[in-house]
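Colleague: Data: query.pdb, PDB, C-alpha atoms.
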ATOM      1  CA  MET A   1      85.472 -28.629   5.766  1.00  0.00           C
ATOM      2  CA  SER A   2      89.129 -27.877   6.535  1.00  0.00           C
ATOM      3  CA  GLU A   3      90.833 -29.933   9.201  1.00  0.00           C
ATOM      4  CA  LEU A   4      90.579 -28.410  12.661  1.00  0.00           C
ATOM      5  CA  PRO A   5      93.759 -28.079  14.740  1.00  0.00           C
ATOM      6  CA  ILE A   6      93.855 -29.854  18.079  1.00  0.00           C
ATOM      7  CA  ILE A   7      93.563 -27.574  21.111  1.00  0.00           C
ATOM      8  CA  ARG A   8      94.391 -28.951  24.546  1.00  0.00           C
ATOM      9  CA  PRO A   9      92.598 -27.024  27.298  1.00  0.00           C
ATOM     10  CA  ALA A  10      94.500 -25.998  30.396  1.00  0.00           C
ATOM     11  CA  GLN A  11      93.800 -28.286  33.331  1.00  0.00           C
ATOM     12  CA  THR A  12      92.817 -25.339  35.537  1.00  0.00           C
ATOM     13  CA  VAL A  13      90.095 -24.218  33.119  1.00  0.00           C
ATOM     14  CA  ASN A  14      86.686 -25.862  33.162  1.00  0.00           C
ATOM     15  CA  ARG A  15      86.489 -27.998  30.035  1.00  0.00           C
ATOM     16  CA  VAL A  16      82.886 -27.110  29.259  1.00  0.00           C
ATOM     17  CA  ASP A  17      83.789 -23.417  29.506  1.00  0.00           C
ATOM     18  CA  THR A  18      86.705 -24.015  27.146  1.00  0.00           C
ATOM     19  CA  VAL A  19      84.452 -25.496  24.471  1.00  0.00           C
ATOM     20  CA  TYR A  20      81.722 -22.899  25.058  1.00  0.00           C
ATOM     21  CA  ALA A  21      84.162 -19.976  24.800  1.00  0.00           C
ATOM     22  CA  GLY A  22      85.975 -21.527  21.846  1.00  0.00           C
ATOM     23  CA  ILE A  23      82.803 -21.897  19.788  1.00  0.00           C
ATOM     24  CA  ILE A  24      81.736 -18.337  20.617  1.00  0.00           C
ATOM     25  CA  GLU A  25      85.132 -17.007  19.563  1.00  0.00           C
ATOM     26  CA  ALA A  26      84.909 -18.943  16.294  1.00  0.00           C
ATOM     27  CA  MET A  27      81.451 -17.433  15.716  1.00  0.00           C
ATOM     28  CA  VAL A  28      82.719 -13.914  16.499  1.00  0.00           C
ATOM     29  CA  ASN A  29      85.617 -14.389  14.085  1.00  0.00           C
ATOM     30  CA  GLY A  30      83.243 -15.474  11.305  1.00  0.00           C
ATOM     31  CA  GLU A  31      84.464 -19.078  11.261  1.00  0.00           C
ATOM     32  CA  TYR A  32      80.880 -20.165  11.826  1.00  0.00           C
ATOM     33  CA  PRO A  33      78.619 -17.627  10.046  1.00  0.00           C
ATOM     34  CA  GLU A  34      74.904 -17.315  10.670  1.00  0.00           C
ATOM     35  CA  ASN A  35      72.912 -20.300   9.359  1.00  0.00           C
ATOM     36  CA  SER A  36      76.071 -22.385   9.023  1.00  0.00           C
ATOM     37  CA  ARG A  37      76.304 -25.887  10.443  1.00  0.00           C
ATOM     38  CA  LEU A  38      78.663 -26.459  13.353  1.00  0.00           C
ATOM     39  CA  PRO A  39      81.118 -29.372  13.278  1.00  0.00           C
ATOM     40  CA  THR A  40      79.754 -32.630  14.682  1.00  0.00           C
ATOM     41  CA  GLU A  41      80.081 -33.479  18.374  1.00  0.00           C
ATOM     42  CA  THR A  42      82.835 -35.941  17.509  1.00  0.00           C
ATOM     43  CA  GLU A  43      84.765 -33.332  15.518  1.00  0.00           C
ATOM     44  CA  LEU A  44      84.411 -30.745  18.270  1.00  0.00           C
ATOM     45  CA  ALA A  45      85.484 -33.279  20.890  1.00  0.00           C
ATOM     46  CA  GLN A  46      88.627 -34.019  18.890  1.00  0.00           C
ATOM     47  CA  HIS A  47      89.253 -30.325  18.271  1.00  0.00           C
ATOM     48  CA  TYR A  48      89.142 -29.403  21.966  1.00  0.00           C
ATOM     49  CA  GLY A  49      90.541 -32.682  23.321  1.00  0.00           C
ATOM     50  CA  VAL A  50      87.457 -33.374  25.442  1.00  0.00           C
ATOM     51  CA  SER A  51      84.685 -35.964  25.651  1.00  0.00           C
ATOM     52  CA  ARG A  52      81.441 -35.815  23.664  1.00  0.00           C
ATOM     53  CA  PRO A  53      79.349 -35.281  26.860  1.00  0.00           C
ATOM     54  CA  THR A  54      81.478 -32.181  27.543  1.00  0.00           C
ATOM     55  CA  VAL A  55      80.775 -30.904  24.033  1.00  0.00           C
ATOM     56  CA  ARG A  56      77.101 -31.718  24.470  1.00  0.00           C
ATOM     57  CA  GLU A  57      76.896 -29.594  27.632  1.00  0.00           C
ATOM     58  CA  ALA A  58      78.636 -26.663  25.935  1.00  0.00           C
ATOM     59  CA  LEU A  59      76.218 -26.881  22.997  1.00  0.00           C
ATOM     60  CA  SER A  60      73.313 -26.975  25.448  1.00  0.00           C
ATOM     61  CA  ARG A  61      74.484 -23.673  26.948  1.00  0.00           C
ATOM     62  CA  LEU A  62      74.737 -22.133  23.495  1.00  0.00           C
ATOM     63  CA  ARG A  63      71.179 -23.255  22.739  1.00  0.00           C
ATOM     64  CA  LEU A  64      69.956 -21.696  25.984  1.00  0.00           C
ATOM     65  CA  ASP A  65      71.716 -18.472  24.979  1.00  0.00           C
ATOM     66  CA  GLY A  66      69.794 -18.522  21.696  1.00  0.00           C
ATOM     67  CA  LEU A  67      72.997 -18.661  19.656  1.00  0.00           C
ATOM     68  CA  ILE A  68      72.488 -22.070  18.065  1.00  0.00           C
ATOM     69  CA  ALA A  69      69.626 -24.448  17.323  1.00  0.00           C
ATOM     70  CA  SER A  70      69.572 -28.188  16.716  1.00  0.00           C
ATOM     71  CA  ARG A  71      67.900 -29.712  13.688  1.00  0.00           C
ATOM     72  CA  ARG A  72      66.922 -33.347  14.064  1.00  0.00           C
ATOM     73  CA  GLY A  73      69.204 -35.591  12.096  1.00  0.00           C
ATOM     74  CA  SER A  74      71.191 -32.641  10.763  1.00  0.00           C
ATOM     75  CA  GLY A  75      73.200 -31.199  13.662  1.00  0.00           C
ATOM     76  CA  SER A  76      73.550 -27.757  15.246  1.00  0.00           C
ATOM     77  CA  TYR A  77      73.266 -24.498  13.295  1.00  0.00           C
ATOM     78  CA  VAL A  78      74.256 -20.925  14.125  1.00  0.00           C
ATOM     79  CA  LEU A  79      71.238 -18.681  14.670  1.00  0.00           C
ATOM     80  CA  ARG A  80      73.151 -15.435  15.108  1.00  0.00           C
ATOM     81  CA  ARG A  81      76.729 -14.328  15.447  1.00  0.00           C
ATOM     82  CA  PRO A  82      77.760 -12.379  18.555  1.00  0.00           C
ATOM     83  CA  ASP A  83      78.883  -8.797  18.091  1.00  0.00           C
ATOM     84  CA  ARG A  84      82.538  -8.834  17.013  1.00  0.00           C
ATOM     85  CA  ASN A  85      83.150  -5.810  19.274  1.00  0.00           C
ATOM     86  CA  ILE A  86      82.553  -8.037  22.279  1.00  0.00           C
ATOM     87  CA  LYS A  87      86.227  -9.018  22.196  1.00  0.00           C
ATOM     88  CA  ARG A  88      87.243  -5.414  22.826  1.00  0.00           C
ATOM     89  CA  PHE A  89      85.573  -5.341  26.240  1.00  0.00           C
ATOM     90  CA  ALA A  90      86.025  -8.789  27.771  1.00  0.00           C
ATOM     91  CA  PRO A  91      88.100 -11.908  27.268  1.00  0.00           C
ATOM     92  CA  ILE A  92      86.049 -14.549  25.474  1.00  0.00           C
ATOM     93  CA  GLU A  93      86.942 -16.949  28.295  1.00  0.00           C
ATOM     94  CA  SER A  94      84.971 -14.808  30.766  1.00  0.00           C
ATOM     95  CA  LEU A  95      81.699 -14.947  28.852  1.00  0.00           C
ATOM     96  CA  ALA A  96      80.572 -18.218  30.420  1.00  0.00           C
ATOM     97  CA  ASP A  97      80.856 -16.631  33.876  1.00  0.00           C
ATOM     98  CA  VAL A  98      79.097 -13.469  32.673  1.00  0.00           C
ATOM     99  CA  GLN A  99      76.210 -15.632  31.469  1.00  0.00           C
ATOM    100  CA  ARG A 100      76.045 -17.455  34.798  1.00  0.00           C
ATOM    101  CA  VAL A 101      75.943 -14.179  36.704  1.00  0.00           C
ATOM    102  CA  PHE A 102      73.050 -12.944  34.536  1.00  0.00           C
ATOM    103  CA  THR A 103      71.168 -16.197  35.121  1.00  0.00           C
ATOM    104  CA  PHE A 104      71.702 -15.880  38.874  1.00  0.00           C
ATOM    105  CA  ARG A 105      70.672 -12.230  38.848  1.00  0.00           C
ATOM    106  CA  ILE A 106      67.449 -12.970  36.968  1.00  0.00           C
ATOM    107  CA  ALA A 107      66.371 -15.383  39.694  1.00  0.00           C
ATOM    108  CA  LEU A 108      67.575 -13.247  42.600  1.00  0.00           C
ATOM    109  CA  GLU A 109      66.618  -9.754  41.473  1.00  0.00           C
ATOM    110  CA  SER A 110      63.198 -10.699  40.136  1.00  0.00           C
ATOM    111  CA  ALA A 111      62.300 -11.964  43.600  1.00  0.00           C
ATOM    112  CA  ALA A 112      63.856  -8.878  45.216  1.00  0.00           C
ATOM    113  CA  ALA A 113      61.879  -6.509  42.966  1.00  0.00           C
ATOM    114  CA  GLY A 114      58.646  -8.355  43.717  1.00  0.00           C
ATOM    115  CA  LEU A 115      59.266  -8.106  47.445  1.00  0.00           C
ATOM    116  CA  ALA A 116      60.334  -4.462  47.119  1.00  0.00           C
ATOM    117  CA  ALA A 117      56.937  -3.680  45.588  1.00  0.00           C
ATOM    118  CA  GLU A 118      55.281  -5.131  48.689  1.00  0.00           C
ATOM    119  CA  GLN A 119      57.622  -3.775  51.370  1.00  0.00           C
ATOM    120  CA  ARG A 120      59.023  -0.491  50.065  1.00  0.00           C
ATOM    121  CA  SER A 121      58.672   2.668  52.131  1.00  0.00           C
ATOM    122  CA  ALA A 122      58.397   6.230  50.857  1.00  0.00           C
ATOM    123  CA  HIS A 123      62.105   6.655  51.632  1.00  0.00           C
ATOM    124  CA  ASP A 124      62.965   3.494  49.674  1.00  0.00           C
ATOM    125  CA  LEU A 125      61.030   4.808  46.695  1.00  0.00           C
ATOM    126  CA  GLU A 126      62.867   8.115  46.909  1.00  0.00           C
ATOM    127  CA  GLU A 127      66.225   6.295  46.912  1.00  0.00           C
ATOM    128  CA  ILE A 128      65.211   4.213  43.902  1.00  0.00           C
ATOM    129  CA  ASN A 129      64.095   7.290  41.977  1.00  0.00           C
ATOM    130  CA  VAL A 130      67.322   9.127  42.786  1.00  0.00           C
ATOM    131  CA  ALA A 131      69.249   6.155  41.387  1.00  0.00           C
ATOM    132  CA  LEU A 132      66.989   6.142  38.325  1.00  0.00           C
ATOM    133  CA  GLU A 133      67.645   9.852  37.744  1.00  0.00           C
ATOM    134  CA  GLN A 134      71.388   9.208  37.876  1.00  0.00           C
ATOM    135  CA  LEU A 135      70.942   6.488  35.248  1.00  0.00           C
ATOM    136  CA  ASN A 136      68.953   8.889  33.097  1.00  0.00           C
ATOM    137  CA  ARG A 137      71.758  11.435  33.401  1.00  0.00           C
ATOM    138  CA  VAL A 138      74.518   9.067  32.276  1.00  0.00           C
ATOM    139  CA  SER A 139      72.307   7.831  29.452  1.00  0.00           C
ATOM    140  CA  VAL A 140      71.822  11.376  28.143  1.00  0.00           C
ATOM    141  CA  GLU A 141      75.527  12.102  28.560  1.00  0.00           C
ATOM    142  CA  GLU A 142      76.333   8.781  26.854  1.00  0.00           C
ATOM    143  CA  SER A 143      78.607   7.880  29.766  1.00  0.00           C
ATOM    144  CA  LEU A 144      79.290   4.291  30.781  1.00  0.00           C
ATOM    145  CA  GLY A 145      77.383   4.474  34.071  1.00  0.00           C
ATOM    146  CA  VAL A 146      78.359   1.120  35.576  1.00  0.00           C
ATOM    147  CA  GLU A 147      78.350   2.399  39.171  1.00  0.00           C
ATOM    148  CA  GLU A 148      75.023   4.166  38.626  1.00  0.00           C
ATOM    149  CA  ASP A 149      73.540   0.950  37.216  1.00  0.00           C
ATOM    150  CA  LEU A 150      74.794  -1.041  40.190  1.00  0.00           C
ATOM    151  CA  ALA A 151      73.430   1.559  42.632  1.00  0.00           C
ATOM    152  CA  PHE A 152      69.995   1.329  40.997  1.00  0.00           C
ATOM    153  CA  HIS A 153      69.818  -2.440  41.384  1.00  0.00           C
ATOM    154  CA  LEU A 154      71.100  -2.281  44.959  1.00  0.00           C
ATOM    155  CA  ALA A 155      68.480   0.339  45.866  1.00  0.00           C
ATOM    156  CA  ILE A 156      65.748  -2.032  44.725  1.00  0.00           C
ATOM    157  CA  ALA A 157      67.266  -4.949  46.641  1.00  0.00           C
ATOM    158  CA  ARG A 158      67.432  -2.851  49.812  1.00  0.00           C
ATOM    159  CA  ALA A 159      63.790  -1.826  49.355  1.00  0.00           C
ATOM    160  CA  SER A 160      62.829  -5.489  49.785  1.00  0.00           C
ATOM    161  CA  HIS A 161      63.674  -5.076  53.503  1.00  0.00           C
ATOM    162  CA  ASN A 162      65.314  -8.497  53.376  1.00  0.00           C
ATOM    163  CA  VAL A 163      68.990  -7.949  54.061  1.00  0.00           C
ATOM    164  CA  TYR A 164      70.000 -11.125  52.251  1.00  0.00           C
ATOM    165  CA  PHE A 165      68.980  -9.803  48.830  1.00  0.00           C
ATOM    166  CA  ALA A 166      71.198  -6.732  49.146  1.00  0.00           C
ATOM    167  CA  THR A 167      73.988  -8.761  50.754  1.00  0.00           C
ATOM    168  CA  ALA A 168      73.928 -11.289  47.903  1.00  0.00           C
ATOM    169  CA  LEU A 169      74.203  -8.514  45.308  1.00  0.00           C
ATOM    170  CA  GLU A 170      77.035  -6.848  47.207  1.00  0.00           C
ATOM    171  CA  MET A 171      78.895 -10.162  47.349  1.00  0.00           C
ATOM    172  CA  ILE A 172      78.790 -10.490  43.542  1.00  0.00           C
ATOM    173  CA  GLY A 173      79.371  -6.784  42.969  1.00  0.00           C
ATOM    174  CA  GLU A 174      82.614  -7.258  41.058  1.00  0.00           C
ATOM    175  CA  GLN A 175      81.076  -9.941  38.839  1.00  0.00           C
ATOM    176  CA  MET A 176      78.083  -7.663  38.202  1.00  0.00           C
ATOM    177  CA  ARG A 177      80.428  -4.841  37.235  1.00  0.00           C
ATOM    178  CA  VAL A 178      82.080  -7.056  34.609  1.00  0.00           C
ATOM    179  CA  GLY A 179      78.719  -7.870  32.994  1.00  0.00           C
ATOM    180  CA  MET A 180      77.472  -4.289  33.273  1.00  0.00           C
ATOM    181  CA  ASN A 181      80.694  -2.901  31.811  1.00  0.00           C
ATOM    182  CA  LEU A 182      80.434  -5.286  28.884  1.00  0.00           C
ATOM    183  CA  SER A 183      76.718  -4.665  28.270  1.00  0.00           C
ATOM    184  CA  ARG A 184      76.895  -0.907  28.669  1.00  0.00           C
ATOM    185  CA  SER A 185      80.097  -0.571  26.614  1.00  0.00           C
ATOM    186  CA  LEU A 186      78.441  -2.400  23.740  1.00  0.00           C
ATOM    187  CA  SER A 187      75.221  -0.394  24.164  1.00  0.00           C
ATOM    188  CA  LEU A 188      77.154   2.874  23.776  1.00  0.00           C
ATOM    189  CA  GLU A 189      78.136   1.664  20.306  1.00  0.00           C
ATOM    190  CA  LYS A 190      74.519   0.951  19.375  1.00  0.00           C
ATOM    191  CA  SER A 191      71.732   3.316  18.400  1.00  0.00           C
ATOM    192  CA  ARG A 192      70.195   5.792  20.818  1.00  0.00           C
ATOM    193  CA  ALA A 193      66.968   3.776  20.468  1.00  0.00           C
ATOM    194  CA  ARG A 194      68.646   0.830  22.142  1.00  0.00           C
ATOM    195  CA  ARG A 195      69.841   2.940  25.082  1.00  0.00           C
ATOM    196  CA  GLU A 196      66.358   4.407  25.417  1.00  0.00           C
ATOM    197  CA  LEU A 197      64.914   0.888  25.433  1.00  0.00           C
ATOM    198  CA  VAL A 198      67.118  -0.025  28.387  1.00  0.00           C
ATOM    199  CA  GLN A 199      66.028   3.085  30.269  1.00  0.00           C
ATOM    200  CA  ALA A 200      62.384   2.316  29.510  1.00  0.00           C
ATOM    201  CA  GLU A 201      62.911  -1.098  31.099  1.00  0.00           C
ATOM    202  CA  HIS A 202      64.322   0.570  34.227  1.00  0.00           C
ATOM    203  CA  LEU A 203      61.350   2.928  34.338  1.00  0.00           C
ATOM    204  CA  GLU A 204      58.870   0.042  34.089  1.00  0.00           C
ATOM    205  CA  ILE A 205      60.483  -1.681  37.065  1.00  0.00           C
ATOM    206  CA  VAL A 206      60.201   1.476  39.163  1.00  0.00           C
ATOM    207  CA  ALA A 207      56.615   2.126  38.051  1.00  0.00           C
ATOM    208  CA  ALA A 208      55.578  -1.377  39.124  1.00  0.00           C
ATOM    209  CA  ILE A 209      57.262  -0.913  42.510  1.00  0.00           C
ATOM    210  CA  GLU A 210      55.468   2.427  42.905  1.00  0.00           C
ATOM    211  CA  ARG A 211      52.151   0.682  42.140  1.00  0.00           C
ATOM    212  CA  LYS A 212      53.019  -1.963  44.737  1.00  0.00           C
ATOM    213  CA  SER A 213      52.446  -4.618  42.093  1.00  0.00           C
ATOM    214  CA  SER A 214      54.663  -7.494  43.152  1.00  0.00           C
ATOM    215  CA  PHE A 215      54.009  -9.632  40.069  1.00  0.00           C
ATOM    216  CA  GLU A 216      54.597  -6.771  37.612  1.00  0.00           C
ATOM    217  CA  ALA A 217      57.781  -5.657  39.363  1.00  0.00           C
ATOM    218  CA  ALA A 218      59.221  -9.167  39.343  1.00  0.00           C
ATOM    219  CA  GLU A 219      58.265  -9.648  35.697  1.00  0.00           C
ATOM    220  CA  ALA A 220      59.679  -6.255  34.670  1.00  0.00           C
ATOM    221  CA  MET A 221      62.996  -7.103  36.336  1.00  0.00           C
ATOM    222  CA  ARG A 222      63.041 -10.542  34.726  1.00  0.00           C
ATOM    223  CA  LEU A 223      62.419  -9.059  31.286  1.00  0.00           C
ATOM    224  CA  HIS A 224      65.061  -6.370  31.818  1.00  0.00           C
ATOM    225  CA  LEU A 225      67.838  -8.718  32.901  1.00  0.00           C
ATOM    226  CA  GLY A 226      66.811 -11.361  30.370  1.00  0.00           C
ATOM    227  CA  GLY A 227      66.946  -8.688  27.687  1.00  0.00           C
ATOM    228  CA  ALA A 228      70.379  -7.550  28.874  1.00  0.00           C
ATOM    229  CA  LYS A 229      71.648 -11.125  28.674  1.00  0.00           C
ATOM    230  CA  ARG A 230      70.173 -11.557  25.204  1.00  0.00           C
ATOM    231  CA  ARG A 231      71.463  -8.214  23.900  1.00  0.00           C
ATOM    232  CA  LEU A 232      74.938  -9.171  25.013  1.00  0.00           C
ATOM    233  CA  PHE A 233      75.090 -11.600  22.117  1.00  0.00           C
ATOM    234  CA  GLU A 234      73.274  -9.562  19.496  1.00  0.00           C
ATOM    235  CA  GLY A 235      75.136  -8.700  16.345  1.00  0.00           C
ATOM    236  CA  PRO A 236      75.532  -5.145  15.020  1.00  0.00           C
ATOM    237  CA  GLN A 237      72.286  -3.157  14.928  1.00  0.00           C
TER     238      GLN A 237
END
Take the structure I supplied and represent it as structure tokens, if you would.
Modeller:
Amino acid sequence: MSELPIIRPAQTVNRVDTVYAGIIEAMVNGEYPENSRLPTETELAQHYGVSRPTVREALSRLRLDGLIASRRGSGSYVLRRPDRNIKRFAPIESLADVQRVFTFRIALESAAAGLAAEQRSAHDLEEINVALEQLNRVSVEESLGVEEDLAFHLAIARASHNVYFATALEMIGEQMRVGMNLSRSLSLEKSRARRELVQAEHLEIVAAIERKSSFEAAEAMRLHLGGAKRRLFEGPQ
């Protein structure tokens, strides 16, 4: 293996994020192809000028993202390479925050959807379906639809009749827009089947809320946002 240059992270940047983003960028660039073995923890620590526990935490995040896997006694291996187009839509350094926002949203919005199924009124359901129709329109037009996507998720949060769910989403609105812009920009470059899959996930959430099935609504939202997080790091399809 060729010698890795030393990179000193900026003091204002979280060191774990630096390692996490650096490994992802190396994967995107083809430095670490699928099924290849990553450098050892010691080598990565030297490369990024950090401690081994910092490297270990970054690798743990990558495992949770499904990008790498550890083999006992052998090290960490690349399971799949992120889409190279990802660099066109967001700085690699922002991906750690995008992942955190998705993780937060999965917990928050799954609970909100479950409560919406229990508490929604006829008016709430009408608002949700209007938002869904707008999403269908931008999908057919192959428009980006970030604001329509955000409006859909906010309509569901408001239908929970717990103001804190909607308030929490509004507070992270800008962060949500970053993740939505990235996900939807990449989806526009994929097949129509992928865009239709996303819309089918939206429809399943609404159908569960209409049925007043709290468990199914929460699970449908969890699967949708978990799928969005996973698709963010899928390679070309």
Colleague: For each of A:Val101, A:Leu115, A:His161, A:Ala220, take the minimum atom-to-atom distance to Gly173 (chain A), counting all atoms listed in the file, then give the residue where this is smallest.
Modeller: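 Smallest separation from Gly173 (chain A) among the options: A:Val101.
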Colleague: Pick from A:His153, A:His224, A:Arg177, A:Lys212: nearest to Leu197 (chain A), with all atoms listed in the file counted?
Modeller: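 Between A:His153, A:His224, A:Arg177, A:Lys212, the residue approaching Leu197 (chain A) most closely is A:His224.
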Colleague: Name the residues that the PyMOL selection byres ((chain A and resi 70-77) around 10) pulls out of this structure, and write them as a PyMOL selection string.
Modeller: chain A and resi 32-41+59-60+63+67-69+78-80
Colleague: Using only C-alpha atoms - which residues lie no farther than 8 Å from the point (81.4, -21.1, 29.2) in the file's frame? Write them as an MDAnalysis selection string.
Modeller: chainID A and resid 16:21 58 61 93:97 99
Colleague: Could you tell me, as a count of residues only, exactly which residues end up selected when the PyMOL selection byres ((chain A and resi 199) around 12) is applied to this structure?
Modeller: 30
Colleague: Using all atoms listed in the file, which of the listed residues (A:Ala155, A:Ala217, A:Val55, A:Ala208) sits closest to Asp124 (chain A)?
Modeller: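 Counting all atoms listed in the file, the residue closest to Asp124 (chain A) is A:Ala155.
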Colleague: For CA of Val178 (chain A) and CA of Leu150 (chain A), determine how far apart the two atoms are, in Å to one decimal place.
Modeller: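 Separation between CA of Val178 (chain A) and CA of Leu150 (chain A): 11.0 Å.
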Colleague: Please, what distance in Å, to one decimal, runs between CA of Ala168 (chain A) and CA of Glu147 (chain A)?
Modeller: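 We find that CA of Ala168 (chain A) and CA of Glu147 (chain A) lie 16.8 Å from each other.
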Colleague: Which residues would end up in the selection if the PyMOL selection byres ((chain A and resi 169) around 9) were applied here, given that I need the answer as a PyMOL selection string?
Modeller: chain A and resi 105+108-109+153-154+157+164-168+170-173+176
Colleague: Have a look at CA of Ser51 (chain A) and CA of Asn14 (chain A) and let me know their distance in Å, one decimal.
Modeller: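 So the two atoms, CA of Ser51 (chain A) and CA of Asn14 (chain A), lie 12.7 Å apart.
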Colleague: Give the padded box for region 195-200 of chain A as AutoDock Vina command-line options: axis-aligned, covering all atoms listed in the file, 8 Å on each side, centre and edge lengths in Å to one decimal.
Modeller:
--center_x 66.1 --center_y 2.2 --center_z 27.7 --size_x 23.5 --size_y 20.4 --size_z 21.2
